[in-house]
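So this one's my_file_25.pdb, PDB, C-alpha atoms:
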```
ATOM      1  CA  MET C   1      29.844 -46.896-106.007
ATOM      2  CA  PRO C   2      30.678 -48.098-109.499
ATOM      3  CA  ARG C   3      29.441 -51.540-110.370
ATOM      4  CA  ALA C   4      32.260 -54.064-110.569
ATOM      5  CA  PRO C   5      32.598 -55.916-113.848
ATOM      6  CA  THR C   6      31.186 -59.435-113.758
ATOM      7  CA  THR C   7      34.487 -61.185-113.902
ATOM      8  CA  THR C   8      35.844 -59.542-110.778
ATOM      9  CA  ASP C   9      33.113 -60.963-108.607
ATOM     10  CA  ALA C  10      33.520 -64.407-107.078
ATOM     11  CA  PHE C  11      29.834 -64.624-106.204
ATOM     12  CA  ASN C  12      28.797 -63.998-109.742
ATOM     13  CA  ALA C  13      31.397 -66.464-110.940
ATOM     14  CA  VAL C  14      29.898 -69.263-108.871
ATOM     15  CA  ALA C  15      26.312 -68.278-109.678
ATOM     16  CA  GLU C  16      26.690 -69.803-113.168
ATOM     17  CA  PRO C  17      25.782 -73.531-113.217
ATOM     18  CA  ARG C  18      28.536 -74.594-115.636
ATOM     19  CA  ARG C  19      31.129 -72.805-113.586
ATOM     20  CA  ARG C  20      29.867 -74.553-110.468
ATOM     21  CA  GLN C  21      30.245 -77.857-112.342
ATOM     22  CA  ILE C  22      33.834 -77.000-113.137
ATOM     23  CA  LEU C  23      34.522 -76.107-109.514
ATOM     24  CA  ASP C  24      32.905 -79.346-108.366
ATOM     25  CA  ALA C  25      35.089 -81.314-110.764
ATOM     26  CA  LEU C  26      38.227 -79.546-109.564
ATOM     27  CA  ALA C  27      37.289 -80.107-105.925
ATOM     28  CA  THR C  28      38.597 -83.673-106.224
ATOM     29  CA  GLY C  29      41.902 -82.630-107.761
ATOM     30  CA  GLU C  30      43.535 -80.772-110.610
ATOM     31  CA  ARG C  31      42.526 -81.559-114.179
ATOM     32  CA  PRO C  32      43.613 -80.680-117.708
ATOM     33  CA  VAL C  33      41.216 -78.663-119.866
ATOM     34  CA  ASN C  34      40.407 -81.660-122.064
ATOM     35  CA  ASP C  35      39.131 -83.541-119.035
ATOM     36  CA  LEU C  36      36.782 -80.719-118.183
ATOM     37  CA  VAL C  37      35.563 -80.486-121.766
ATOM     38  CA  ALA C  38      34.740 -84.203-121.747
ATOM     39  CA  LEU C  39      33.099 -83.989-118.351
ATOM     40  CA  LEU C  40      30.858 -81.037-119.141
ATOM     41  CA  GLY C  41      30.017 -82.165-122.652
ATOM     42  CA  VAL C  42      30.246 -78.683-124.107
ATOM     43  CA  ALA C  43      32.586 -77.228-126.690
ATOM     44  CA  GLN C  44      36.080 -76.298-125.626
ATOM     45  CA  PRO C  45      35.670 -72.536-126.287
ATOM     46  CA  HIS C  46      32.788 -72.457-123.771
ATOM     47  CA  VAL C  47      34.803 -74.274-121.158
ATOM     48  CA  SER C  48      37.750 -71.980-121.770
ATOM     49  CA  LYS C  49      35.522 -68.946-121.362
ATOM     50  CA  HIS C  50      34.251 -70.183-118.001
ATOM     51  CA  LEU C  51      37.765 -71.054-116.889
ATOM     52  CA  ARG C  52      38.894 -67.561-117.786
ATOM     53  CA  VAL C  53      36.162 -66.060-115.587
ATOM     54  CA  LEU C  54      37.059 -68.374-112.715
ATOM     55  CA  ARG C  55      40.730 -67.547-113.090
ATOM     56  CA  GLU C  56      40.129 -63.805-113.137
ATOM     57  CA  VAL C  57      38.328 -63.919-109.797
ATOM     58  CA  GLY C  58      40.982 -66.211-108.330
ATOM     59  CA  LEU C  59      38.781 -69.273-107.916
ATOM     60  CA  VAL C  60      41.050 -71.441-110.047
ATOM     61  CA  GLU C  61      44.740 -71.422-110.838
ATOM     62  CA  VAL C  62      46.470 -72.765-113.909
ATOM     63  CA  ARG C  63      49.856 -74.241-114.735
ATOM     64  CA  ASP C  64      51.352 -75.523-117.962
ATOM     65  CA  GLU C  65      52.567 -79.073-118.189
ATOM     66  CA  GLY C  66      54.103 -79.738-121.566
ATOM     67  CA  ARG C  67      51.365 -78.849-124.020
ATOM     68  CA  GLN C  68      48.587 -79.185-121.469
ATOM     69  CA  ARG C  69      47.057 -76.528-119.281
ATOM     70  CA  ILE C  70      46.212 -77.950-115.859
ATOM     71  CA  TYR C  71      43.608 -76.258-113.682
ATOM     72  CA  ARG C  72      43.171 -76.519-109.955
ATOM     73  CA  LEU C  73      40.795 -75.093-107.417
ATOM     74  CA  ASN C  74      41.896 -72.267-105.158
ATOM     75  CA  GLY C  75      40.004 -73.178-102.009
ATOM     76  CA  ARG C  76      41.018 -70.028-100.153
ATOM     77  CA  SER C  77      39.003 -67.760-102.395
ATOM     78  CA  LEU C  78      35.920 -69.915-101.970
ATOM     79  CA  LYS C  79      36.056 -70.098 -98.219
ATOM     80  CA  PRO C  80      34.359 -66.770 -97.390
ATOM     81  CA  ILE C  81      31.429 -67.605 -99.646
ATOM     82  CA  HIS C  82      31.187 -71.123 -98.335
ATOM     83  CA  ASP C  83      31.412 -70.042 -94.694
ATOM     84  CA  TRP C  84      28.824 -67.376 -95.104
ATOM     85  CA  LEU C  85      26.373 -69.668 -96.881
ATOM     86  CA  LYS C  86      26.829 -72.357 -94.274
ATOM     87  CA  HIS C  87      26.201 -69.945 -91.467
ATOM     88  CA  TYR C  88      23.191 -68.421 -93.199
ATOM     89  CA  GLU C  89      21.752 -71.847 -93.905
ATOM     90  CA  GLN C  90      22.272 -73.002 -90.340
ATOM     91  CA  THR C  91      20.480 -69.963 -88.961
ATOM     92  CA  TRP C  92      17.490 -70.752 -91.113
ATOM     93  CA  ASN C  93      17.580 -74.459 -90.396
ATOM     94  CA  GLU C  94      17.263 -73.738 -86.699
ATOM     95  CA  ALA C  95      14.222 -71.560 -87.259
ATOM     96  CA  PHE C  96      12.706 -74.039 -89.712
ATOM     97  CA  ASP C  97      13.139 -76.895 -87.238
ATOM     98  CA  GLN C  98      11.028 -74.932 -84.793
ATOM     99  CA  LEU C  99       8.555 -74.144 -87.529
ATOM    100  CA  ASP C 100       8.225 -77.915 -88.028
ATOM    101  CA  SER C 101       6.997 -78.328 -84.480
ATOM    102  CA  VAL C 102       4.547 -75.426 -84.855
ATOM    103  CA  LEU C 103       3.183 -77.162 -87.949
ATOM    104  CA  GLU C 104       2.790 -80.448 -86.073
ATOM    105  CA  ASP C 105       0.664 -78.608 -83.509
ATOM    106  CA  LEU C 106      -1.443 -76.988 -86.210
ATOM    107  CA  LYS C 107      -1.992 -80.315 -87.944
ATOM    108  CA  GLY C 108      -3.039 -81.892 -84.651
ATOM    109  CA  LYS C 109      -5.519 -79.113 -83.969
ATOM    110  CA  GLU C 110      -7.004 -79.410 -87.433
ATOM    111  CA  GLN C 111      -7.498 -83.136 -87.024
ATOM    112  CA  ARG C 112      -9.190 -82.663 -83.658
ATOM    113  CA  ASN C 113     -11.486 -80.018 -85.127
ATOM    114  CA  ASP C 114     -12.346 -82.363 -87.996
ATOM    115  CA  SER C 115     -13.280 -85.191 -85.666
ATOM    116  CA  ASP C 116     -15.290 -82.795 -83.468
ATOM    117  CA  GLY C 117     -17.292 -81.718 -86.477
ATOM    118  CA  ALA C 118     -17.959 -85.299 -87.640
TER     119      ALA C 118
ATOM    120  CA  MET Q   1      30.421 -76.976-102.109
ATOM    121  CA  THR Q   2      30.787 -73.512-103.618
ATOM    122  CA  ALA Q   3      27.399 -71.894-104.017
ATOM    123  CA  MET Q   4      25.564 -74.528-102.029
ATOM    124  CA  ALA Q   5      25.892 -75.594 -98.465
ATOM    125  CA  HIS Q   6      23.953 -78.540 -97.108
ATOM    126  CA  SER Q   7      23.458 -78.789 -93.398
ATOM    127  CA  GLY Q   8      20.022 -80.035 -92.596
ATOM    128  CA  LYS Q   9      17.092 -79.653 -94.886
ATOM    129  CA  ALA Q  10      17.148 -76.080 -96.146
ATOM    130  CA  VAL Q  11      19.058 -75.481 -99.354
ATOM    131  CA  VAL Q  12      20.571 -72.060 -99.964
ATOM    132  CA  THR Q  13      21.751 -71.042-103.418
ATOM    133  CA  LEU Q  14      22.834 -67.849-105.159
ATOM    134  CA  PRO Q  15      20.912 -67.717-108.447
ATOM    135  CA  SER Q  16      22.633 -64.463-109.426
ATOM    136  CA  ASP Q  17      25.006 -61.994-107.860
ATOM    137  CA  THR Q  18      22.257 -60.110-106.048
ATOM    138  CA  GLU Q  19      19.878 -62.940-105.171
ATOM    139  CA  ILE Q  20      19.719 -65.466-102.360
ATOM    140  CA  LYS Q  21      17.350 -68.399-102.595
ATOM    141  CA  ILE Q  22      16.260 -70.743 -99.823
ATOM    142  CA  THR Q  23      14.218 -73.868-100.422
ATOM    143  CA  ARG Q  24      12.760 -76.005 -97.649
ATOM    144  CA  GLU Q  25      10.113 -78.722 -97.592
ATOM    145  CA  PHE Q  26       7.613 -79.033 -94.749
ATOM    146  CA  ALA Q  27       5.473 -82.010 -93.798
ATOM    147  CA  ALA Q  28       2.261 -79.964 -93.768
ATOM    148  CA  PRO Q  29      -0.218 -78.531 -96.263
ATOM    149  CA  LYS Q  30       0.532 -75.047 -97.524
ATOM    150  CA  HIS Q  31      -2.308 -73.272 -95.729
ATOM    151  CA  LEU Q  32      -0.693 -74.267 -92.423
ATOM    152  CA  VAL Q  33       2.803 -73.199 -93.478
ATOM    153  CA  TYR Q  34       1.322 -69.889 -94.614
ATOM    154  CA  LYS Q  35      -0.517 -69.563 -91.331
ATOM    155  CA  ALA Q  36       2.638 -70.224 -89.299
ATOM    156  CA  TRP Q  37       4.497 -67.644 -91.386
ATOM    157  CA  THR Q  38       1.910 -64.887 -91.031
ATOM    158  CA  THR Q  39       0.308 -65.268 -87.582
ATOM    159  CA  PRO Q  40       2.069 -63.215 -84.869
ATOM    160  CA  GLU Q  41       1.688 -65.684 -81.984
ATOM    161  CA  LEU Q  42       2.982 -68.499 -84.211
ATOM    162  CA  ILE Q  43       5.880 -66.417 -85.606
ATOM    163  CA  LYS Q  44       7.023 -65.858 -82.020
ATOM    164  CA  ARG Q  45       7.368 -69.597 -81.561
ATOM    165  CA  TRP Q  46       9.775 -70.260 -84.433
ATOM    166  CA  TRP Q  47      11.325 -67.181 -85.984
ATOM    167  CA  GLY Q  48      14.032 -66.703 -83.369
ATOM    168  CA  GLY Q  49      15.409 -70.175 -84.007
ATOM    169  CA  ARG Q  50      17.541 -71.378 -81.126
ATOM    170  CA  ARG Q  51      19.358 -68.063 -80.852
ATOM    171  CA  GLY Q  52      16.844 -65.661 -79.491
ATOM    172  CA  VAL Q  53      13.435 -64.814 -78.128
ATOM    173  CA  VAL Q  54      10.928 -62.979 -80.288
ATOM    174  CA  ASN Q  55       9.412 -60.235 -78.147
ATOM    175  CA  LEU Q  56       7.198 -58.626 -80.728
ATOM    176  CA  ALA Q  57       5.596 -59.759 -83.962
ATOM    177  CA  GLU Q  58       3.234 -57.386 -85.724
ATOM    178  CA  VAL Q  59       1.746 -58.333 -89.076
ATOM    179  CA  ASP Q  60      -0.705 -56.183 -91.036
ATOM    180  CA  LEU Q  61      -1.279 -58.748 -93.740
ATOM    181  CA  ARG Q  62      -2.467 -56.728 -96.741
ATOM    182  CA  VAL Q  63      -0.833 -54.945 -99.656
ATOM    183  CA  GLY Q  64       0.807 -51.823 -98.216
ATOM    184  CA  GLY Q  65       0.500 -53.223 -94.689
ATOM    185  CA  LYS Q  66       3.520 -53.197 -92.405
ATOM    186  CA  TRP Q  67       5.166 -55.951 -90.402
ATOM    187  CA  ARG Q  68       7.736 -55.762 -87.628
ATOM    188  CA  TYR Q  69       9.593 -58.315 -85.496
ATOM    189  CA  LEU Q  70      11.711 -57.557 -82.463
ATOM    190  CA  SER Q  71      13.849 -60.133 -80.757
ATOM    191  CA  THR Q  72      16.592 -60.457 -78.186
ATOM    192  CA  THR Q  73      19.426 -62.808 -79.084
ATOM    193  CA  ASP Q  74      20.910 -65.106 -76.494
ATOM    194  CA  ARG Q  75      23.940 -62.798 -76.431
ATOM    195  CA  GLY Q  76      21.724 -59.921 -75.389
ATOM    196  CA  PHE Q  77      21.436 -58.007 -78.656
ATOM    197  CA  GLU Q  78      18.133 -56.361 -79.553
ATOM    198  CA  VAL Q  79      17.355 -57.097 -83.163
ATOM    199  CA  GLY Q  80      14.596 -55.472 -85.158
ATOM    200  CA  PHE Q  81      13.262 -56.073 -88.640
ATOM    201  CA  HIS Q  82      10.409 -54.502 -90.495
ATOM    202  CA  GLY Q  83       8.958 -54.175 -93.942
ATOM    203  CA  VAL Q  84       5.907 -53.611 -96.112
ATOM    204  CA  PHE Q  85       3.820 -56.177 -97.959
ATOM    205  CA  ARG Q  86       3.757 -55.680-101.717
ATOM    206  CA  GLU Q  87       1.763 -58.771-102.692
ATOM    207  CA  VAL Q  88      -0.457 -60.960-100.555
ATOM    208  CA  VAL Q  89      -1.976 -64.068-102.125
ATOM    209  CA  ALA Q  90      -3.269 -66.204 -99.262
ATOM    210  CA  ASN Q  91      -1.608 -69.639 -99.006
ATOM    211  CA  ASP Q  92       0.325 -69.126-102.240
ATOM    212  CA  ARG Q  93       2.591 -66.122-102.370
ATOM    213  CA  LEU Q  94       3.942 -63.184-100.401
ATOM    214  CA  VAL Q  95       6.153 -60.355-101.584
ATOM    215  CA  TYR Q  96       7.507 -57.948 -99.003
ATOM    216  CA  THR Q  97      10.430 -55.698 -98.196
ATOM    217  CA  GLU Q  98      12.687 -56.596 -95.293
ATOM    218  CA  VAL Q  99      14.787 -54.023 -93.458
ATOM    219  CA  TYR Q 100      17.311 -54.777 -90.735
ATOM    220  CA  GLU Q 101      16.916 -51.953 -88.252
ATOM    221  CA  GLY Q 102      20.586 -51.948 -87.229
ATOM    222  CA  VAL Q 103      21.668 -50.447 -90.546
ATOM    223  CA  PRO Q 104      21.202 -46.687 -91.098
ATOM    224  CA  GLY Q 105      19.298 -45.926 -94.294
ATOM    225  CA  GLY Q 106      18.023 -49.477 -94.529
ATOM    226  CA  ASP Q 107      14.653 -48.276 -95.735
ATOM    227  CA  ASP Q 108      16.072 -46.498 -98.780
ATOM    228  CA  ASP Q 109      16.471 -49.487-101.054
ATOM    229  CA  PRO Q 110      15.497 -52.540 -99.029
ATOM    230  CA  PRO Q 111      15.851 -56.201 -99.978
ATOM    231  CA  VAL Q 112      12.656 -57.606-101.485
ATOM    232  CA  VAL Q 113      11.585 -61.110-100.504
ATOM    233  CA  THR Q 114       9.333 -63.315-102.619
ATOM    234  CA  LEU Q 115       7.908 -66.312-100.805
ATOM    235  CA  THR Q 116       6.072 -69.068-102.641
ATOM    236  CA  PHE Q 117       4.226 -71.990-101.079
ATOM    237  CA  THR Q 118       3.813 -75.046-103.313
ATOM    238  CA  GLU Q 119       1.911 -78.093-102.093
ATOM    239  CA  SER Q 120       2.260 -81.641-103.329
ATOM    240  CA  GLY Q 121       0.892 -84.746-101.618
ATOM    241  CA  GLY Q 122       0.184 -82.878 -98.394
ATOM    242  CA  ARG Q 123       3.738 -81.518 -98.219
ATOM    243  CA  THR Q 124       4.763 -77.946 -98.907
ATOM    244  CA  THR Q 125       7.859 -76.597-100.567
ATOM    245  CA  LEU Q 126       8.646 -73.117 -99.394
ATOM    246  CA  THR Q 127      10.841 -71.026-101.649
ATOM    247  CA  SER Q 128      12.227 -67.707-100.511
ATOM    248  CA  LEU Q 129      13.957 -65.516-103.046
ATOM    249  CA  THR Q 130      15.659 -62.410-101.674
ATOM    250  CA  GLN Q 131      16.496 -59.715-104.186
ATOM    251  CA  LEU Q 132      19.185 -57.387-102.861
ATOM    252  CA  SER Q 133      19.351 -53.866-104.197
ATOM    253  CA  SER Q 134      22.974 -54.172-105.222
ATOM    254  CA  ARG Q 135      26.090 -56.241-105.178
ATOM    255  CA  GLU Q 136      27.572 -53.675-102.788
ATOM    256  CA  VAL Q 137      24.873 -54.384-100.212
ATOM    257  CA  ARG Q 138      25.588 -58.079-100.481
ATOM    258  CA  ASP Q 139      29.342 -57.578-100.182
ATOM    259  CA  MET Q 140      28.877 -55.387 -97.139
ATOM    260  CA  ILE Q 141      26.869 -58.092 -95.435
ATOM    261  CA  ILE Q 142      29.392 -60.787 -96.198
ATOM    262  CA  GLN Q 143      32.545 -58.808 -95.559
ATOM    263  CA  SER Q 144      31.357 -57.477 -92.240
ATOM    264  CA  GLY Q 145      31.221 -61.049 -90.992
ATOM    265  CA  MET Q 146      34.026 -62.778 -92.771
ATOM    266  CA  GLU Q 147      36.920 -60.366 -92.960
ATOM    267  CA  GLY Q 148      36.693 -59.170 -89.388
ATOM    268  CA  GLY Q 149      36.760 -62.688 -88.086
ATOM    269  CA  MET Q 150      35.569 -61.515 -84.688
ATOM    270  CA  GLN Q 151      32.749 -62.882 -82.628
ATOM    271  CA  HIS Q 152      30.953 -59.570 -82.605
ATOM    272  CA  ALA Q 153      31.045 -59.420 -86.365
ATOM    273  CA  MET Q 154      29.672 -62.950 -86.454
ATOM    274  CA  ASP Q 155      26.801 -61.867 -84.262
ATOM    275  CA  LEU Q 156      26.054 -58.961 -86.552
ATOM    276  CA  LEU Q 157      26.193 -61.209 -89.563
ATOM    277  CA  GLU Q 158      23.850 -63.593 -87.870
ATOM    278  CA  GLU Q 159      21.406 -60.784 -87.382
ATOM    279  CA  VAL Q 160      21.757 -59.404 -90.874
ATOM    280  CA  ALA Q 161      21.498 -62.873 -92.370
ATOM    281  CA  ILE Q 162      18.167 -63.286 -90.696
ATOM    282  CA  ALA Q 163      17.044 -60.097 -92.409
ATOM    283  CA  LEU Q 164      17.716 -61.522 -95.810
ATOM    284  CA  ILE Q 165      15.041 -64.089 -96.264
TER     285      ILE Q 165
END
```
Would you give me this structure, written as structure tokens?
Amino acid sequence: MPRAPTTTDAFNAVAEPRRRQILDALATGERPVNDLVALLGVAQPHVSKHLRVLREVGLVEVRDEGRQRIYRLNGRSLKPIHDWLKHYEQTWNEAFDQLDSVLEDLKGKEQRNDSDGA
Amino acid sequence: MTAMAHSGKAVVTLPSDTEIKITREFAAPKHLVYKAWTTPELIKRWWGGRRGVVNLAEVDLRVGGKWRYLSTTDRGFEVGFHGVFREVVANDRLVYTEVYEGVPGGDDDPPVVTLTFTESGGRTTLTSLTQLSSREVRDMIIQSGMEGGMQHAMDLLEEVAIALI
């Protein structure tokens, strides 16, 4: 199978920390580009580049309002990733919770062995 | 949100488009976490989580050595995983392949897991980084569960997800 270009892949799009910051910011509501530039503290061309990537994979949508470009999050395109991660994490949390109790046992045994040897 | 989901204490992130990272802290020194991760009778006690019973855990803990776990989920599915150890540094680091036995050809280009155990103040941070062979493998795993939207697909995803650490 041919490798998809970076910008067509939602997973890759959210793997970049700045892009995650943008998505986090948009999670609370739509924002103009200038807002995002101020929030991220990086130059506008960088922000625009990230927004372009996010737009191409459908994670954000844009509309013009007068001279401003307003971006908003497209929650639908994030849902599969979010759902999958949540499920994956929960599966591991359940196993890790049991691992916690195994570790408590091991710690208890070690302490008993230490006091036996003293 | 997005690339992170918080439910409990493990944190899952996607450092790149073919990697999955899990971080979890344990209230125990690293030699015990390592022991629980590599000792068959201990693996049986935790690896199945709340969703299944681990019937078999075989661990030949040396470079080139094989491991295999078999479990039965509470919905009655038999699930098998196996792999080969590539690096074994006691109490510090493990690198191994991990193959889900329900997928034909799984051994061809298996996910590679790097586990690191870092201790600080008697507590251990476990980091698991899974390197998938390709974006297509990752997409297959995710799409099989999320686009079908059926319980059976969810079960399969559950099983495959377990294979990914």
Q.
I'd like the interatomic distance between atom CA of Ala13 of chain C and atom CA of Ala25 of chain C, to a tenth of an Å.
A.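 Rounded to one decimal, the two atoms are 15.3 Å apart.
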Q) Could you work out how far atom CA of Arg20 of chain C lies from atom CA of His87 of chain C, giving the answer in Å with one decimal? A)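 According to the coordinates, atom CA of His87 of chain C and atom CA of Arg20 of chain C are separated by 19.9 Å.
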Q. Written as a PyMOL selection string, what is the full residue list that the PyMOL selection byres ((chain Q and resi 87) around 10) yields on the file shown?
A. chain Q and resi 61-65+84-86+88-90+93-96+114-115
Convert the output of the PyMOL selection byres ((chain Q and resi 36) around 10) on the shown file into explicit residues, formatted as a PDB file with C-alpha atoms, in the frame of the given file.
```pdb
ATOM      1  CA  LEU C  99       8.555 -74.144 -87.529  1.00  0.00           C
ATOM      2  CA  ASP C 100       8.225 -77.915 -88.028  1.00  0.00           C
ATOM      3  CA  VAL C 102       4.547 -75.426 -84.855  1.00  0.00           C
ATOM      4  CA  LEU C 103       3.183 -77.162 -87.949  1.00  0.00           C
ATOM      5  CA  LEU C 106      -1.443 -76.988 -86.210  1.00  0.00           C
TER       6      LEU C 106
ATOM      7  CA  LYS Q  30       0.532 -75.047 -97.524  1.00  0.00           C
ATOM      8  CA  HIS Q  31      -2.308 -73.272 -95.729  1.00  0.00           C
ATOM      9  CA  LEU Q  32      -0.693 -74.267 -92.423  1.00  0.00           C
ATOM     10  CA  VAL Q  33       2.803 -73.199 -93.478  1.00  0.00           C
ATOM     11  CA  TYR Q  34       1.322 -69.889 -94.614  1.00  0.00           C
ATOM     12  CA  LYS Q  35      -0.517 -69.563 -91.331  1.00  0.00           C
ATOM     13  CA  TRP Q  37       4.497 -67.644 -91.386  1.00  0.00           C
ATOM     14  CA  THR Q  38       1.910 -64.887 -91.031  1.00  0.00           C
ATOM     15  CA  THR Q  39       0.308 -65.268 -87.582  1.00  0.00           C
ATOM     16  CA  PRO Q  40       2.069 -63.215 -84.869  1.00  0.00           C
ATOM     17  CA  GLU Q  41       1.688 -65.684 -81.984  1.00  0.00           C
ATOM     18  CA  LEU Q  42       2.982 -68.499 -84.211  1.00  0.00           C
ATOM     19  CA  ILE Q  43       5.880 -66.417 -85.606  1.00  0.00           C
ATOM     20  CA  LYS Q  44       7.023 -65.858 -82.020  1.00  0.00           C
ATOM     21  CA  ARG Q  45       7.368 -69.597 -81.561  1.00  0.00           C
ATOM     22  CA  TRP Q  46       9.775 -70.260 -84.433  1.00  0.00           C
ATOM     23  CA  TRP Q  47      11.325 -67.181 -85.984  1.00  0.00           C
TER      24      TRP Q  47
END
```
Q | Reference answer for the PyMOL selection byres ((chain Q and resi 20) around 6), as a list in words | A |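 Residues picked by the PyMOL selection byres ((chain Q and resi 20) around 6): Leu14, Glu19, Lys21, Leu129 and Thr130 of chain Q.
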Could you please take those selected residues and save C-alpha atoms as a PDB file, keeping the file's coordinate frame?
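Dumped to part-v7.pdb:
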```
ATOM      1  CA  LEU Q  14      22.834 -67.849-105.159  1.00  0.00           C
ATOM      2  CA  GLU Q  19      19.878 -62.940-105.171  1.00  0.00           C
ATOM      3  CA  LYS Q  21      17.350 -68.399-102.595  1.00  0.00           C
ATOM      4  CA  LEU Q 129      13.957 -65.516-103.046  1.00  0.00           C
ATOM      5  CA  THR Q 130      15.659 -62.410-101.674  1.00  0.00           C
TER       6      THR Q 130
END
```
Q | One-decimal distance in Å that lies between atom CA of Ala43 of chain C and atom CA of Thr18 of chain Q | A | 28.7 Å
Write out as a Markdown table the residues of chain C that have any atom within 8 Å of an atom of chain Q, one row each with the nearest atom pair and its distance in Å to one decimal, counting all atoms listed in the file, sorted by chain and then rising number.
```
| residue | atom | partner | partner_atom | distance |
| --- | --- | --- | --- | --- |
| C:Met1 | CA | Q:Glu136 | CA | 7.8 |
| C:Arg3 | CA | Q:Arg135 | CA | 7.8 |
| C:Phe11 | CA | Q:Asp17 | CA | 5.7 |
| C:Asn12 | CA | Q:Asp17 | CA | 4.7 |
| C:Val14 | CA | Q:Ala3 | CA | 6.1 |
| C:Ala15 | CA | Q:Ser16 | CA | 5.3 |
| C:Glu16 | CA | Q:Ser16 | CA | 7.7 |
| C:Arg20 | CA | Q:Thr2 | CA | 7.0 |
| C:Leu23 | CA | Q:Thr2 | CA | 7.4 |
| C:Asp24 | CA | Q:Met1 | CA | 7.1 |
| C:Leu78 | CA | Q:Thr2 | CA | 6.5 |
| C:Pro80 | CA | Q:Met146 | CA | 6.1 |
| C:Ile81 | CA | Q:Thr2 | CA | 7.1 |
| C:His82 | CA | Q:Thr2 | CA | 5.8 |
| C:Asp83 | CA | Q:Met146 | CA | 8.0 |
| C:Trp84 | CA | Q:Ile142 | CA | 6.7 |
| C:Leu85 | CA | Q:Ala5 | CA | 6.2 |
| C:Lys86 | CA | Q:Ala5 | CA | 5.4 |
| C:His87 | CA | Q:Glu158 | CA | 7.7 |
| C:Tyr88 | CA | Q:Ala161 | CA | 5.9 |
| C:Glu89 | CA | Q:Val12 | CA | 6.2 |
| C:Gln90 | CA | Q:Ser7 | CA | 6.7 |
| C:Thr91 | CA | Q:Gly49 | CA | 7.1 |
| C:Trp92 | CA | Q:Ala10 | CA | 7.3 |
| C:Asn93 | CA | Q:Ala10 | CA | 6.0 |
| C:Glu94 | CA | Q:Gly49 | CA | 4.8 |
| C:Ala95 | CA | Q:Gly49 | CA | 3.7 |
| C:Phe96 | CA | Q:Trp46 | CA | 7.1 |
| C:Asp97 | CA | Q:Gly49 | CA | 7.8 |
| C:Gln98 | CA | Q:Trp46 | CA | 4.9 |
| C:Leu99 | CA | Q:Trp46 | CA | 5.1 |
| C:Asp100 | CA | Q:Phe26 | CA | 6.8 |
| C:Val102 | CA | Q:Ala36 | CA | 7.1 |
| C:Leu103 | CA | Q:Ala28 | CA | 6.5 |
| C:Glu104 | CA | Q:Ala28 | CA | 7.7 |
| C:Leu106 | CA | Q:Leu32 | CA | 6.8 |
| C:Lys107 | CA | Q:Ala28 | CA | 7.2 |
```
Write the residues of the selection above to a file with C-alpha atoms, as an mmCIF file, in the coordinates of the input.
```cif
data_model
loop_
_atom_site.group_PDB
_atom_site.id
_atom_site.type_symbol
_atom_site.label_atom_id
_atom_site.label_comp_id
_atom_site.auth_asym_id
_atom_site.auth_seq_id
_atom_site.Cartn_x
_atom_site.Cartn_y
_atom_site.Cartn_z
ATOM 1 C CA MET C 1 29.844 -46.896 -106.007
ATOM 2 C CA ARG C 3 29.441 -51.540 -110.370
ATOM 3 C CA PHE C 11 29.834 -64.624 -106.204
ATOM 4 C CA ASN C 12 28.797 -63.998 -109.742
ATOM 5 C CA VAL C 14 29.898 -69.263 -108.871
ATOM 6 C CA ALA C 15 26.312 -68.278 -109.678
ATOM 7 C CA GLU C 16 26.690 -69.803 -113.168
ATOM 8 C CA ARG C 20 29.867 -74.553 -110.468
ATOM 9 C CA LEU C 23 34.522 -76.107 -109.514
ATOM 10 C CA ASP C 24 32.905 -79.346 -108.366
ATOM 11 C CA LEU C 78 35.920 -69.915 -101.970
ATOM 12 C CA PRO C 80 34.359 -66.770 -97.390
ATOM 13 C CA ILE C 81 31.429 -67.605 -99.646
ATOM 14 C CA HIS C 82 31.187 -71.123 -98.335
ATOM 15 C CA ASP C 83 31.412 -70.042 -94.694
ATOM 16 C CA TRP C 84 28.824 -67.376 -95.104
ATOM 17 C CA LEU C 85 26.373 -69.668 -96.881
ATOM 18 C CA LYS C 86 26.829 -72.357 -94.274
ATOM 19 C CA HIS C 87 26.201 -69.945 -91.467
ATOM 20 C CA TYR C 88 23.191 -68.421 -93.199
ATOM 21 C CA GLU C 89 21.752 -71.847 -93.905
ATOM 22 C CA GLN C 90 22.272 -73.002 -90.340
ATOM 23 C CA THR C 91 20.480 -69.963 -88.961
ATOM 24 C CA TRP C 92 17.490 -70.752 -91.113
ATOM 25 C CA ASN C 93 17.580 -74.459 -90.396
ATOM 26 C CA GLU C 94 17.263 -73.738 -86.699
ATOM 27 C CA ALA C 95 14.222 -71.560 -87.259
ATOM 28 C CA PHE C 96 12.706 -74.039 -89.712
ATOM 29 C CA ASP C 97 13.139 -76.895 -87.238
ATOM 30 C CA GLN C 98 11.028 -74.932 -84.793
ATOM 31 C CA LEU C 99 8.555 -74.144 -87.529
ATOM 32 C CA ASP C 100 8.225 -77.915 -88.028
ATOM 33 C CA VAL C 102 4.547 -75.426 -84.855
ATOM 34 C CA LEU C 103 3.183 -77.162 -87.949
ATOM 35 C CA GLU C 104 2.790 -80.448 -86.073
ATOM 36 C CA LEU C 106 -1.443 -76.988 -86.210
ATOM 37 C CA LYS C 107 -1.992 -80.315 -87.944
#
```
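The nearest approach to Asn55 of chain Q among the residues Q:Val103, Q:Leu132, Q:Val112, Q:Leu70, with only C-alpha atoms taken into account, belongs to Q:Leu70.
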Q. Which residue gives the smallest distance to Leu59 of chain C among C:Val47, C:Val37, C:Ala10, C:Ile22, with all atoms listed in the file counted?
A. C:Ala10
